Each structure stands twice: as structure tokens, then as C-alpha cells.
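Chemist: Okay, here's the structure, questions in a sec.
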Protein chains: 2
Amino acid sequence: MSAQGSNGSKPRNAIFIGKKPLMTYVTATLVQLANEPTVVIKARGKSITRAVDVAQIIVKRMDTLGYKIGPVKVGTDIVSSEDGKPRNVSTIEVSISRAK
Amino acid sequence: MSAQGSNGSKPRNAIFIGKKPLMTYVTATLVQLANEPTVVIKARGKSITRAVDVAQIIVKRMDTLGYKIGPVKVGTDIVSSEDGKPRNVSTIEVSISRAK
């Protein structure tokens, strides 16, 4: 995650939630939070639920680490499906940062 | 909120997302919005994705109606599973209100 390309399309402080085991993303987010003040957990479609789970595990189950949830944004991405038609897919962005 | 039951457990301006077809909740939310300035779409677990979908359909696909997404909150509920152990389940609350 630290070796970002020069095009800036994948900012270092974002974690994209996919199909890996939940704790993979928890660990990745915690590693990022050690280097950045704020990390944004991003997901779309069915992974949205997992993004909320990751944020909750970091804030509630690991509450001794002192992180809090910042703004939560929801939106829509347009992706082209296999038949070539554009489809709307919902997205979420959950900010996590160190509690003051 | 205005005509809330005396126990306060199910305020009128909340829509709880379950397993029904998506457009059922879109319609229910629109009916509520005709009577209340703000409606909160609530979901937990795997329904979280559907809650975001409902909000996005109302705001993007029906943009002529003039609604916007307000604060989004995420949290954790503790529920007892079938084996009697407490389990954490993630929750979301998406506010929808009339755009100024």
C-alpha cells in the first residue's frame, strides 16, 4: 500500500474493501493509521456492509487504540456491466482517525 | 418524530430495511417524506448495502423530487445469537431530507 504510483489515483490513506477475510482489512487499516492521521475505508456494492464491520471492529473492539469514526459518505458509482449497459452501484466511505 | 408512540421504540420517521424488494422501501420512504421533513433509513448486518441503495435511488434516480442525504451514522448493535452468545452486528442510519 505504501508504494503508490505517481498518478495519484490510489491515495495512500484509502483502504478498498474486497472479498478477503475481514481481519485482513482491519490489519491493513491499522497499519495505515500508524502512518497517517486519517484513513478512509472505501467499499461498493455488497462490500459496503464489510466496510462498516471493519470500522466498527477498529473503533469498538480495539477501543484501547483510541480511534474514532469521522464523516461517513455514501454515493453512487456508474460501472459498465457484462452486457455493456451502465449500472449504478452504491458506495461508502468511512473515515477513521485518532480520537483527540 | 412528531407522532411518536409513547414507548418511543419505533418513531414514525424511521424506515427499517429488511428482506423485501428494494422498491418497497423506496416507496415507503417517499410516503414518509411526504409527511415528515426528515426520514431516517435504518439497517443492520447485510441489509446495510440495501439501505445505501434505497437512499441513492431516492436522491439520484428521483432527483427531480429534490431530496438530499443528510448525516450518515454507523454503529454496532449487540444481539444474542441462536447459541445464546452475544454477537456484534453493524448498523447504519442514513438521513434523507428535502433539499433547501
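Residue numbering restarts at 1 in every chain; chains get A, B, ... in the order shown in the C-alpha cells, and ligands count up from 1 in that same order.
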Please check the contacts: residues of chain A at most 12 Å away from chain B, using only C-alpha atoms, listed as a count of residues only.

Modeler: 40

Chemist: All Cα atoms, paired in order, least squares: that's the fit I need for chain B onto chain A, output as an mmCIF file with N, CA, C and O atoms, in the first residue's frame.

Modeler:
```cif
data_model
loop_
_atom_site.group_PDB
_atom_site.id
_atom_site.type_symbol
_atom_site.label_atom_id
_atom_site.label_comp_id
_atom_site.auth_asym_id
_atom_site.auth_seq_id
_atom_site.Cartn_x
_atom_site.Cartn_y
_atom_site.Cartn_z
ATOM 1 N N MET B 1 -1.577 9.101 1.774
ATOM 2 C CA MET B 1 -1.580 10.229 0.862
ATOM 3 C C MET B 1 -0.165 10.715 0.591
ATOM 4 O O MET B 1 0.111 11.288 -0.432
ATOM 5 N N SER B 2 0.747 10.508 1.553
ATOM 6 C CA SER B 2 2.042 11.158 1.424
ATOM 7 C C SER B 2 2.879 10.501 0.337
ATOM 8 O O SER B 2 3.509 11.206 -0.431
ATOM 9 N N ALA B 3 2.845 9.170 0.255
ATOM 10 C CA ALA B 3 3.665 8.497 -0.752
ATOM 11 C C ALA B 3 2.788 7.910 -1.846
ATOM 12 O O ALA B 3 2.840 6.741 -2.159
ATOM 13 N N GLN B 4 1.958 8.742 -2.380
ATOM 14 C CA GLN B 4 1.003 8.281 -3.373
ATOM 15 C C GLN B 4 1.691 8.076 -4.717
ATOM 16 O O GLN B 4 2.624 8.787 -5.064
ATOM 17 N N GLY B 5 1.229 7.076 -5.442
ATOM 18 C CA GLY B 5 1.784 6.838 -6.769
ATOM 19 C C GLY B 5 1.535 8.025 -7.685
ATOM 20 O O GLY B 5 0.638 8.825 -7.444
ATOM 21 N N SER B 6 2.323 8.098 -8.743
ATOM 22 C CA SER B 6 2.240 9.287 -9.593
ATOM 23 C C SER B 6 0.923 9.341 -10.362
ATOM 24 O O SER B 6 0.488 10.416 -10.766
ATOM 25 N N ASN B 7 0.266 8.180 -10.564
ATOM 26 C CA ASN B 7 -1.007 8.224 -11.269
ATOM 27 C C ASN B 7 -2.166 8.605 -10.349
ATOM 28 O O ASN B 7 -3.244 8.938 -10.830
ATOM 29 N N GLY B 8 -1.916 8.517 -9.040
ATOM 30 C CA GLY B 8 -2.933 8.954 -8.094
ATOM 31 C C GLY B 8 -4.145 8.051 -8.009
ATOM 32 O O GLY B 8 -5.118 8.369 -7.345
ATOM 33 N N SER B 9 -4.115 6.878 -8.638
ATOM 34 C CA SER B 9 -5.321 6.072 -8.680
ATOM 35 C C SER B 9 -5.505 5.238 -7.421
ATOM 36 O O SER B 9 -6.604 4.842 -7.102
ATOM 37 N N LYS B 10 -4.431 4.955 -6.704
ATOM 38 C CA LYS B 10 -4.573 4.122 -5.507
ATOM 39 C C LYS B 10 -3.746 4.702 -4.371
ATOM 40 O O LYS B 10 -2.624 4.272 -4.129
ATOM 41 N N PRO B 11 -4.304 5.680 -3.670
ATOM 42 C CA PRO B 11 -3.546 6.290 -2.585
ATOM 43 C C PRO B 11 -3.272 5.284 -1.484
ATOM 44 O O PRO B 11 -4.067 4.379 -1.243
ATOM 45 N N ARG B 12 -2.149 5.464 -0.809
ATOM 46 C CA ARG B 12 -1.729 4.501 0.209
ATOM 47 C C ARG B 12 -2.653 4.444 1.404
ATOM 48 O O ARG B 12 -2.656 3.458 2.129
ATOM 49 N N ASN B 13 -3.373 5.519 1.663
ATOM 50 C CA ASN B 13 -4.175 5.504 2.883
ATOM 51 C C ASN B 13 -5.609 5.035 2.655
ATOM 52 O O ASN B 13 -6.484 5.320 3.445
ATOM 53 N N ALA B 14 -5.838 4.312 1.561
ATOM 54 C CA ALA B 14 -7.164 3.760 1.321
ATOM 55 C C ALA B 14 -7.122 2.238 1.393
ATOM 56 O O ALA B 14 -6.169 1.615 0.936
ATOM 57 N N ILE B 15 -8.137 1.659 2.020
ATOM 58 C CA ILE B 15 -8.282 0.204 2.072
ATOM 59 C C ILE B 15 -9.564 -0.141 1.313
ATOM 60 O O ILE B 15 -10.635 0.382 1.628
ATOM 61 N N PHE B 16 -9.437 -0.991 0.313
ATOM 62 C CA PHE B 16 -10.603 -1.378 -0.472
ATOM 63 C C PHE B 16 -11.135 -2.714 0.036
ATOM 64 O O PHE B 16 -10.407 -3.708 0.066
ATOM 65 N N ILE B 17 -12.385 -2.724 0.436
ATOM 66 C CA ILE B 17 -12.988 -3.916 1.017
ATOM 67 C C ILE B 17 -13.522 -4.822 -0.089
ATOM 68 O O ILE B 17 -14.264 -4.381 -0.966
ATOM 69 N N GLY B 18 -13.109 -6.098 -0.038
ATOM 70 C CA GLY B 18 -13.577 -7.089 -1.004
ATOM 71 C C GLY B 18 -14.151 -8.295 -0.300
ATOM 72 O O GLY B 18 -14.855 -8.158 0.704
ATOM 73 N N LYS B 19 -13.803 -9.466 -0.799
ATOM 74 C CA LYS B 19 -14.448 -10.694 -0.322
ATOM 75 C C LYS B 19 -13.591 -11.490 0.658
ATOM 76 O O LYS B 19 -13.939 -12.612 1.025
ATOM 77 N N LYS B 20 -12.457 -10.964 1.051
ATOM 78 C CA LYS B 20 -11.610 -11.706 1.996
ATOM 79 C C LYS B 20 -12.235 -11.706 3.392
ATOM 80 O O LYS B 20 -13.172 -10.952 3.652
ATOM 81 N N PRO B 21 -11.703 -12.521 4.303
ATOM 82 C CA PRO B 21 -12.247 -12.515 5.671
ATOM 83 C C PRO B 21 -12.138 -11.130 6.299
ATOM 84 O O PRO B 21 -11.178 -10.383 6.052
ATOM 85 N N LEU B 22 -13.127 -10.820 7.115
ATOM 86 C CA LEU B 22 -13.240 -9.489 7.704
ATOM 87 C C LEU B 22 -11.962 -9.053 8.402
ATOM 88 O O LEU B 22 -11.503 -7.908 8.238
ATOM 89 N N MET B 23 -11.366 -9.955 9.182
ATOM 90 C CA MET B 23 -10.205 -9.562 9.981
ATOM 91 C C MET B 23 -8.986 -9.239 9.114
ATOM 92 O O MET B 23 -8.068 -8.550 9.563
ATOM 93 N N THR B 24 -8.977 -9.724 7.877
ATOM 94 C CA THR B 24 -7.920 -9.336 6.949
ATOM 95 C C THR B 24 -7.910 -7.823 6.753
ATOM 96 O O THR B 24 -6.846 -7.180 6.765
ATOM 97 N N TYR B 25 -9.097 -7.250 6.602
ATOM 98 C CA TYR B 25 -9.192 -5.806 6.369
ATOM 99 C C TYR B 25 -8.968 -5.013 7.647
ATOM 100 O O TYR B 25 -8.435 -3.912 7.611
ATOM 101 N N VAL B 26 -9.394 -5.601 8.782
ATOM 102 C CA VAL B 26 -9.129 -4.940 10.063
ATOM 103 C C VAL B 26 -7.616 -4.817 10.259
ATOM 104 O O VAL B 26 -7.098 -3.742 10.586
ATOM 105 N N THR B 27 -6.905 -5.911 10.024
ATOM 106 C CA THR B 27 -5.443 -5.901 10.177
ATOM 107 C C THR B 27 -4.798 -4.925 9.202
ATOM 108 O O THR B 27 -3.941 -4.130 9.577
ATOM 109 N N ALA B 28 -5.217 -4.979 7.942
ATOM 110 C CA ALA B 28 -4.643 -4.086 6.927
ATOM 111 C C ALA B 28 -4.856 -2.620 7.299
ATOM 112 O O ALA B 28 -3.954 -1.779 7.157
ATOM 113 N N THR B 29 -6.055 -2.318 7.822
ATOM 114 C CA THR B 29 -6.344 -0.936 8.203
ATOM 115 C C THR B 29 -5.477 -0.510 9.385
ATOM 116 O O THR B 29 -4.943 0.611 9.411
ATOM 117 N N LEU B 30 -5.306 -1.415 10.365
ATOM 118 C CA LEU B 30 -4.486 -1.082 11.536
ATOM 119 C C LEU B 30 -3.031 -0.855 11.138
ATOM 120 O O LEU B 30 -2.357 0.032 11.679
ATOM 121 N N VAL B 31 -2.530 -1.656 10.188
ATOM 122 C CA VAL B 31 -1.151 -1.470 9.707
ATOM 123 C C VAL B 31 -1.013 -0.094 9.050
ATOM 124 O O VAL B 31 -0.053 0.636 9.308
ATOM 125 N N GLN B 32 -1.998 0.266 8.236
ATOM 126 C CA GLN B 32 -1.957 1.582 7.591
ATOM 127 C C GLN B 32 -2.018 2.709 8.619
ATOM 128 O O GLN B 32 -1.337 3.721 8.488
ATOM 129 N N LEU B 33 -2.851 2.528 9.640
ATOM 130 C CA LEU B 33 -3.013 3.574 10.654
ATOM 131 C C LEU B 33 -1.742 3.776 11.470
ATOM 132 O O LEU B 33 -1.557 4.825 12.089
ATOM 133 N N ALA B 34 -0.875 2.756 11.484
ATOM 134 C CA ALA B 34 0.397 2.922 12.188
ATOM 135 C C ALA B 34 1.311 3.881 11.431
ATOM 136 O O ALA B 34 2.233 4.457 12.014
ATOM 137 N N ASN B 35 1.058 4.052 10.126
ATOM 138 C CA ASN B 35 1.919 4.893 9.301
ATOM 139 C C ASN B 35 1.270 6.193 8.843
ATOM 140 O O ASN B 35 1.960 7.136 8.467
ATOM 141 N N GLU B 36 -0.060 6.211 8.822
ATOM 142 C CA GLU B 36 -0.779 7.367 8.294
ATOM 143 C C GLU B 36 -1.743 7.876 9.367
ATOM 144 O O GLU B 36 -2.312 7.079 10.103
ATOM 145 N N PRO B 37 -1.945 9.192 9.446
ATOM 146 C CA PRO B 37 -2.884 9.705 10.462
ATOM 147 C C PRO B 37 -4.341 9.336 10.176
ATOM 148 O O PRO B 37 -5.134 9.194 11.090
ATOM 149 N N THR B 38 -4.664 9.198 8.897
ATOM 150 C CA THR B 38 -6.041 8.897 8.518
ATOM 151 C C THR B 38 -6.054 7.808 7.453
ATOM 152 O O THR B 38 -5.244 7.831 6.529
ATOM 153 N N VAL B 39 -6.949 6.850 7.605
ATOM 154 C CA VAL B 39 -7.131 5.810 6.590
ATOM 155 C C VAL B 39 -8.599 5.819 6.179
ATOM 156 O O VAL B 39 -9.486 5.968 7.018
ATOM 157 N N VAL B 40 -8.828 5.704 4.876
ATOM 158 C CA VAL B 40 -10.195 5.693 4.367
ATOM 159 C C VAL B 40 -10.539 4.278 3.916
ATOM 160 O O VAL B 40 -9.858 3.698 3.076
ATOM 161 N N ILE B 41 -11.585 3.714 4.508
ATOM 162 C CA ILE B 41 -12.066 2.385 4.138
ATOM 163 C C ILE B 41 -13.111 2.559 3.046
ATOM 164 O O ILE B 41 -14.110 3.240 3.245
ATOM 165 N N LYS B 42 -12.843 1.959 1.886
ATOM 166 C CA LYS B 42 -13.744 2.140 0.747
ATOM 167 C C LYS B 42 -14.375 0.812 0.354
ATOM 168 O O LYS B 42 -13.730 -0.230 0.389
ATOM 169 N N ALA B 43 -15.630 0.873 -0.055
ATOM 170 C CA ALA B 43 -16.316 -0.330 -0.515
ATOM 171 C C ALA B 43 -17.434 0.076 -1.448
ATOM 172 O O ALA B 43 -17.867 1.226 -1.471
ATOM 173 N N ARG B 44 -17.894 -0.903 -2.239
ATOM 174 C CA ARG B 44 -19.080 -0.639 -3.050
ATOM 175 C C ARG B 44 -19.934 -1.889 -3.132
ATOM 176 O O ARG B 44 -19.460 -2.997 -2.872
ATOM 177 N N GLY B 45 -21.207 -1.658 -3.477
ATOM 178 C CA GLY B 45 -22.151 -2.769 -3.572
ATOM 179 C C GLY B 45 -22.328 -3.473 -2.242
ATOM 180 O O GLY B 45 -22.392 -2.831 -1.191
ATOM 181 N N LYS B 46 -22.378 -4.796 -2.314
ATOM 182 C CA LYS B 46 -22.669 -5.574 -1.112
ATOM 183 C C LYS B 46 -21.559 -5.508 -0.068
ATOM 184 O O LYS B 46 -21.760 -5.902 1.078
ATOM 185 N N SER B 47 -20.365 -5.035 -0.463
ATOM 186 C CA SER B 47 -19.270 -4.920 0.504
ATOM 187 C C SER B 47 -19.431 -3.731 1.434
ATOM 188 O O SER B 47 -18.659 -3.589 2.387
ATOM 189 N N ILE B 48 -20.418 -2.872 1.166
ATOM 190 C CA ILE B 48 -20.611 -1.679 1.994
ATOM 191 C C ILE B 48 -20.831 -2.073 3.454
ATOM 192 O O ILE B 48 -20.253 -1.473 4.364
ATOM 193 N N THR B 49 -21.645 -3.090 3.673
ATOM 194 C CA THR B 49 -21.900 -3.552 5.039
ATOM 195 C C THR B 49 -20.601 -3.960 5.731
ATOM 196 O O THR B 49 -20.377 -3.650 6.898
ATOM 197 N N ARG B 50 -19.717 -4.643 4.973
ATOM 198 C CA ARG B 50 -18.460 -5.090 5.549
ATOM 199 C C ARG B 50 -17.543 -3.920 5.895
ATOM 200 O O ARG B 50 -16.794 -3.973 6.869
ATOM 201 N N ALA B 51 -17.614 -2.865 5.102
ATOM 202 C CA ALA B 51 -16.801 -1.680 5.398
ATOM 203 C C ALA B 51 -17.210 -1.082 6.738
ATOM 204 O O ALA B 51 -16.361 -0.672 7.541
ATOM 205 N N VAL B 52 -18.522 -1.027 6.973
ATOM 206 C CA VAL B 52 -18.999 -0.504 8.259
ATOM 207 C C VAL B 52 -18.569 -1.433 9.385
ATOM 208 O O VAL B 52 -18.146 -0.978 10.453
ATOM 209 N N ASP B 53 -18.647 -2.750 9.154
ATOM 210 C CA ASP B 53 -18.207 -3.717 10.166
ATOM 211 C C ASP B 53 -16.730 -3.511 10.520
ATOM 212 O O ASP B 53 -16.360 -3.508 11.695
ATOM 213 N N VAL B 54 -15.885 -3.353 9.504
ATOM 214 C CA VAL B 54 -14.449 -3.161 9.747
ATOM 215 C C VAL B 54 -14.220 -1.915 10.596
ATOM 216 O O VAL B 54 -13.490 -1.938 11.598
ATOM 217 N N ALA B 55 -14.895 -0.824 10.234
ATOM 218 C CA ALA B 55 -14.728 0.423 10.981
ATOM 219 C C ALA B 55 -15.188 0.252 12.424
ATOM 220 O O ALA B 55 -14.525 0.726 13.359
ATOM 221 N N GLN B 56 -16.300 -0.446 12.614
ATOM 222 C CA GLN B 56 -16.835 -0.607 13.967
ATOM 223 C C GLN B 56 -15.937 -1.502 14.817
ATOM 224 O O GLN B 56 -15.769 -1.257 16.018
ATOM 225 N N ILE B 57 -15.354 -2.524 14.214
ATOM 226 C CA ILE B 57 -14.450 -3.389 14.974
ATOM 227 C C ILE B 57 -13.243 -2.600 15.450
ATOM 228 O O ILE B 57 -12.818 -2.709 16.601
ATOM 229 N N ILE B 58 -12.696 -1.750 14.568
ATOM 230 C CA ILE B 58 -11.505 -0.986 14.936
ATOM 231 C C ILE B 58 -11.822 0.025 16.034
ATOM 232 O O ILE B 58 -11.051 0.227 16.965
ATOM 233 N N VAL B 59 -12.987 0.655 15.947
ATOM 234 C CA VAL B 59 -13.306 1.734 16.881
ATOM 235 C C VAL B 59 -13.898 1.199 18.184
ATOM 236 O O VAL B 59 -13.571 1.693 19.266
ATOM 237 N N LYS B 60 -14.779 0.188 18.111
ATOM 238 C CA LYS B 60 -15.454 -0.289 19.331
ATOM 239 C C LYS B 60 -14.701 -1.425 20.015
ATOM 240 O O LYS B 60 -14.412 -1.374 21.196
ATOM 241 N N ARG B 61 -14.415 -2.490 19.251
ATOM 242 C CA ARG B 61 -13.833 -3.654 19.908
ATOM 243 C C ARG B 61 -12.387 -3.393 20.289
ATOM 244 O O ARG B 61 -11.864 -3.978 21.219
ATOM 245 N N MET B 62 -11.718 -2.510 19.525
ATOM 246 C CA MET B 62 -10.326 -2.188 19.832
ATOM 247 C C MET B 62 -10.245 -0.750 20.328
ATOM 248 O O MET B 62 -9.407 0.038 19.875
ATOM 249 N N ASP B 63 -11.123 -0.408 21.263
ATOM 250 C CA ASP B 63 -11.220 0.985 21.682
ATOM 251 C C ASP B 63 -9.992 1.454 22.459
ATOM 252 O O ASP B 63 -9.757 2.649 22.575
ATOM 253 N N THR B 64 -9.197 0.503 22.975
ATOM 254 C CA THR B 64 -7.990 0.924 23.688
ATOM 255 C C THR B 64 -6.952 1.527 22.741
ATOM 256 O O THR B 64 -6.047 2.226 23.177
ATOM 257 N N LEU B 65 -7.084 1.250 21.442
ATOM 258 C CA LEU B 65 -6.137 1.796 20.464
ATOM 259 C C LEU B 65 -6.399 3.282 20.202
ATOM 260 O O LEU B 65 -5.527 3.983 19.686
ATOM 261 N N GLY B 66 -7.578 3.747 20.512
ATOM 262 C CA GLY B 66 -7.863 5.173 20.414
ATOM 263 C C GLY B 66 -8.081 5.694 19.008
ATOM 264 O O GLY B 66 -7.550 6.745 18.640
ATOM 265 N N TYR B 67 -8.862 4.993 18.214
ATOM 266 C CA TYR B 67 -9.217 5.509 16.892
ATOM 267 C C TYR B 67 -10.678 5.929 16.886
ATOM 268 O O TYR B 67 -11.496 5.418 17.646
ATOM 269 N N LYS B 68 -10.992 6.875 15.987
ATOM 270 C CA LYS B 68 -12.388 7.301 15.878
ATOM 271 C C LYS B 68 -12.788 7.370 14.407
ATOM 272 O O LYS B 68 -11.935 7.451 13.513
ATOM 273 N N ILE B 69 -14.085 7.329 14.194
ATOM 274 C CA ILE B 69 -14.626 7.410 12.842
ATOM 275 C C ILE B 69 -14.809 8.870 12.476
ATOM 276 O O ILE B 69 -15.404 9.636 13.239
ATOM 277 N N GLY B 70 -14.245 9.251 11.340
ATOM 278 C CA GLY B 70 -14.413 10.611 10.853
ATOM 279 C C GLY B 70 -15.571 10.677 9.879
ATOM 280 O O GLY B 70 -16.525 9.924 10.002
ATOM 281 N N PRO B 71 -15.495 11.560 8.888
ATOM 282 C CA PRO B 71 -16.621 11.697 7.956
ATOM 283 C C PRO B 71 -16.897 10.397 7.197
ATOM 284 O O PRO B 71 -15.978 9.665 6.837
ATOM 285 N N VAL B 72 -18.176 10.120 6.998
ATOM 286 C CA VAL B 72 -18.620 8.997 6.180
ATOM 287 C C VAL B 72 -19.264 9.576 4.924
ATOM 288 O O VAL B 72 -20.141 10.431 5.013
ATOM 289 N N LYS B 73 -18.799 9.130 3.766
ATOM 290 C CA LYS B 73 -19.373 9.621 2.510
ATOM 291 C C LYS B 73 -20.007 8.469 1.753
ATOM 292 O O LYS B 73 -19.458 7.369 1.708
ATOM 293 N N VAL B 74 -21.155 8.710 1.147
ATOM 294 C CA VAL B 74 -21.756 7.720 0.261
ATOM 295 C C VAL B 74 -21.853 8.320 -1.133
ATOM 296 O O VAL B 74 -21.919 9.532 -1.296
ATOM 297 N N GLY B 75 -21.815 7.468 -2.129
ATOM 298 C CA GLY B 75 -21.860 7.944 -3.505
ATOM 299 C C GLY B 75 -22.268 6.849 -4.458
ATOM 300 O O GLY B 75 -22.742 5.791 -4.042
ATOM 301 N N THR B 76 -22.114 7.124 -5.738
ATOM 302 C CA THR B 76 -22.492 6.169 -6.776
ATOM 303 C C THR B 76 -21.360 6.065 -7.789
ATOM 304 O O THR B 76 -20.806 7.073 -8.211
ATOM 305 N N ASP B 77 -21.000 4.831 -8.131
ATOM 306 C CA ASP B 77 -20.081 4.577 -9.232
ATOM 307 C C ASP B 77 -20.866 4.020 -10.404
ATOM 308 O O ASP B 77 -21.830 3.272 -10.210
ATOM 309 N N ILE B 78 -20.446 4.367 -11.609
ATOM 310 C CA ILE B 78 -21.071 3.764 -12.788
ATOM 311 C C ILE B 78 -20.133 2.701 -13.320
ATOM 312 O O ILE B 78 -18.973 2.973 -13.635
ATOM 313 N N VAL B 79 -20.612 1.469 -13.365
ATOM 314 C CA VAL B 79 -19.802 0.360 -13.880
ATOM 315 C C VAL B 79 -20.548 -0.260 -15.050
ATOM 316 O O VAL B 79 -21.779 -0.212 -15.119
ATOM 317 N N SER B 80 -19.806 -0.834 -15.998
ATOM 318 C CA SER B 80 -20.497 -1.520 -17.093
ATOM 319 C C SER B 80 -20.668 -2.985 -16.727
ATOM 320 O O SER B 80 -19.724 -3.665 -16.327
ATOM 321 N N SER B 81 -21.867 -3.456 -16.836
ATOM 322 C CA SER B 81 -22.171 -4.846 -16.500
ATOM 323 C C SER B 81 -21.780 -5.757 -17.654
ATOM 324 O O SER B 81 -21.288 -5.305 -18.691
ATOM 325 N N GLU B 82 -22.009 -7.058 -17.453
ATOM 326 C CA GLU B 82 -21.578 -8.033 -18.463
ATOM 327 C C GLU B 82 -22.255 -7.829 -19.810
ATOM 328 O O GLU B 82 -21.682 -8.115 -20.856
ATOM 329 N N ASP B 83 -23.489 -7.345 -19.799
ATOM 330 C CA ASP B 83 -24.183 -7.118 -21.065
ATOM 331 C C ASP B 83 -23.834 -5.762 -21.670
ATOM 332 O O ASP B 83 -24.451 -5.343 -22.648
ATOM 333 N N GLY B 84 -22.857 -5.076 -21.087
ATOM 334 C CA GLY B 84 -22.371 -3.827 -21.664
ATOM 335 C C GLY B 84 -23.133 -2.587 -21.261
ATOM 336 O O GLY B 84 -22.714 -1.470 -21.547
ATOM 337 N N LYS B 85 -24.262 -2.769 -20.549
ATOM 338 C CA LYS B 85 -25.036 -1.602 -20.117
ATOM 339 C C LYS B 85 -24.403 -0.985 -18.875
ATOM 340 O O LYS B 85 -23.904 -1.707 -18.014
ATOM 341 N N PRO B 86 -24.433 0.330 -18.767
ATOM 342 C CA PRO B 86 -23.927 0.944 -17.536
ATOM 343 C C PRO B 86 -24.882 0.693 -16.380
ATOM 344 O O PRO B 86 -26.096 0.759 -16.548
ATOM 345 N N ARG B 87 -24.311 0.380 -15.223
ATOM 346 C CA ARG B 87 -25.118 0.184 -14.029
ATOM 347 C C ARG B 87 -24.584 1.071 -12.916
ATOM 348 O O ARG B 87 -23.394 1.330 -12.837
ATOM 349 N N ASN B 88 -25.479 1.521 -12.056
ATOM 350 C CA ASN B 88 -25.068 2.308 -10.906
ATOM 351 C C ASN B 88 -24.809 1.377 -9.738
ATOM 352 O O ASN B 88 -25.590 0.468 -9.478
ATOM 353 N N VAL B 89 -23.714 1.603 -9.036
ATOM 354 C CA VAL B 89 -23.437 0.837 -7.829
ATOM 355 C C VAL B 89 -23.086 1.827 -6.712
ATOM 356 O O VAL B 89 -22.345 2.785 -6.925
ATOM 357 N N SER B 90 -23.709 1.618 -5.561
ATOM 358 C CA SER B 90 -23.486 2.522 -4.436
ATOM 359 C C SER B 90 -22.103 2.309 -3.834
ATOM 360 O O SER B 90 -21.563 1.204 -3.867
ATOM 361 N N THR B 91 -21.535 3.370 -3.296
ATOM 362 C CA THR B 91 -20.212 3.307 -2.678
ATOM 363 C C THR B 91 -20.249 3.939 -1.282
ATOM 364 O O THR B 91 -21.149 4.714 -0.969
ATOM 365 N N ILE B 92 -19.245 3.588 -0.479
ATOM 366 C CA ILE B 92 -19.113 4.230 0.829
ATOM 367 C C ILE B 92 -17.632 4.473 1.101
ATOM 368 O O ILE B 92 -16.773 3.724 0.609
ATOM 369 N N GLU B 93 -17.353 5.546 1.815
ATOM 370 C CA GLU B 93 -15.989 5.837 2.277
ATOM 371 C C GLU B 93 -16.073 6.206 3.748
ATOM 372 O O GLU B 93 -16.752 7.171 4.113
ATOM 373 N N VAL B 94 -15.416 5.431 4.584
ATOM 374 C CA VAL B 94 -15.417 5.688 6.026
ATOM 375 C C VAL B 94 -14.003 6.074 6.436
ATOM 376 O O VAL B 94 -13.063 5.286 6.271
ATOM 377 N N SER B 95 -13.849 7.275 6.972
ATOM 378 C CA SER B 95 -12.529 7.727 7.443
ATOM 379 C C SER B 95 -12.309 7.271 8.877
ATOM 380 O O SER B 95 -13.203 7.385 9.716
ATOM 381 N N ILE B 96 -11.105 6.780 9.132
ATOM 382 C CA ILE B 96 -10.711 6.406 10.495
ATOM 383 C C ILE B 96 -9.452 7.188 10.830
ATOM 384 O O ILE B 96 -8.523 7.238 10.015
ATOM 385 N N SER B 97 -9.432 7.795 11.988
ATOM 386 C CA SER B 97 -8.227 8.523 12.377
ATOM 387 C C SER B 97 -8.039 8.430 13.877
ATOM 388 O O SER B 97 -8.927 7.976 14.605
ATOM 389 N N ARG B 98 -6.873 8.834 14.313
ATOM 390 C CA ARG B 98 -6.545 8.762 15.729
ATOM 391 C C ARG B 98 -7.367 9.790 16.488
ATOM 392 O O ARG B 98 -7.480 10.937 16.063
ATOM 393 N N ALA B 99 -7.989 9.372 17.568
ATOM 394 C CA ALA B 99 -8.750 10.307 18.405
ATOM 395 C C ALA B 99 -7.780 11.273 19.069
ATOM 396 O O ALA B 99 -6.680 10.879 19.469
ATOM 397 N N LYS B 100 -8.211 12.531 19.169
ATOM 398 C CA LYS B 100 -7.355 13.540 19.793
ATOM 399 C C LYS B 100 -7.150 13.223 21.273
ATOM 400 O O LYS B 100 -8.058 12.811 21.950
#
```

Chemist: Go through segment 5-97 of chain A and collect every residue that DSSP, computed from the backbone, puts in alpha helix (DSSP H); the answer should be as number ranges by chain.

Modeler: A: 22-35, 48-56

Chemist: DSSP on the backbone, strand (DSSP E) only: what residues of chain B does that give? Format it as a ChimeraX atom specification.

Modeler: /B:14-16,38-44,67-80,86-98
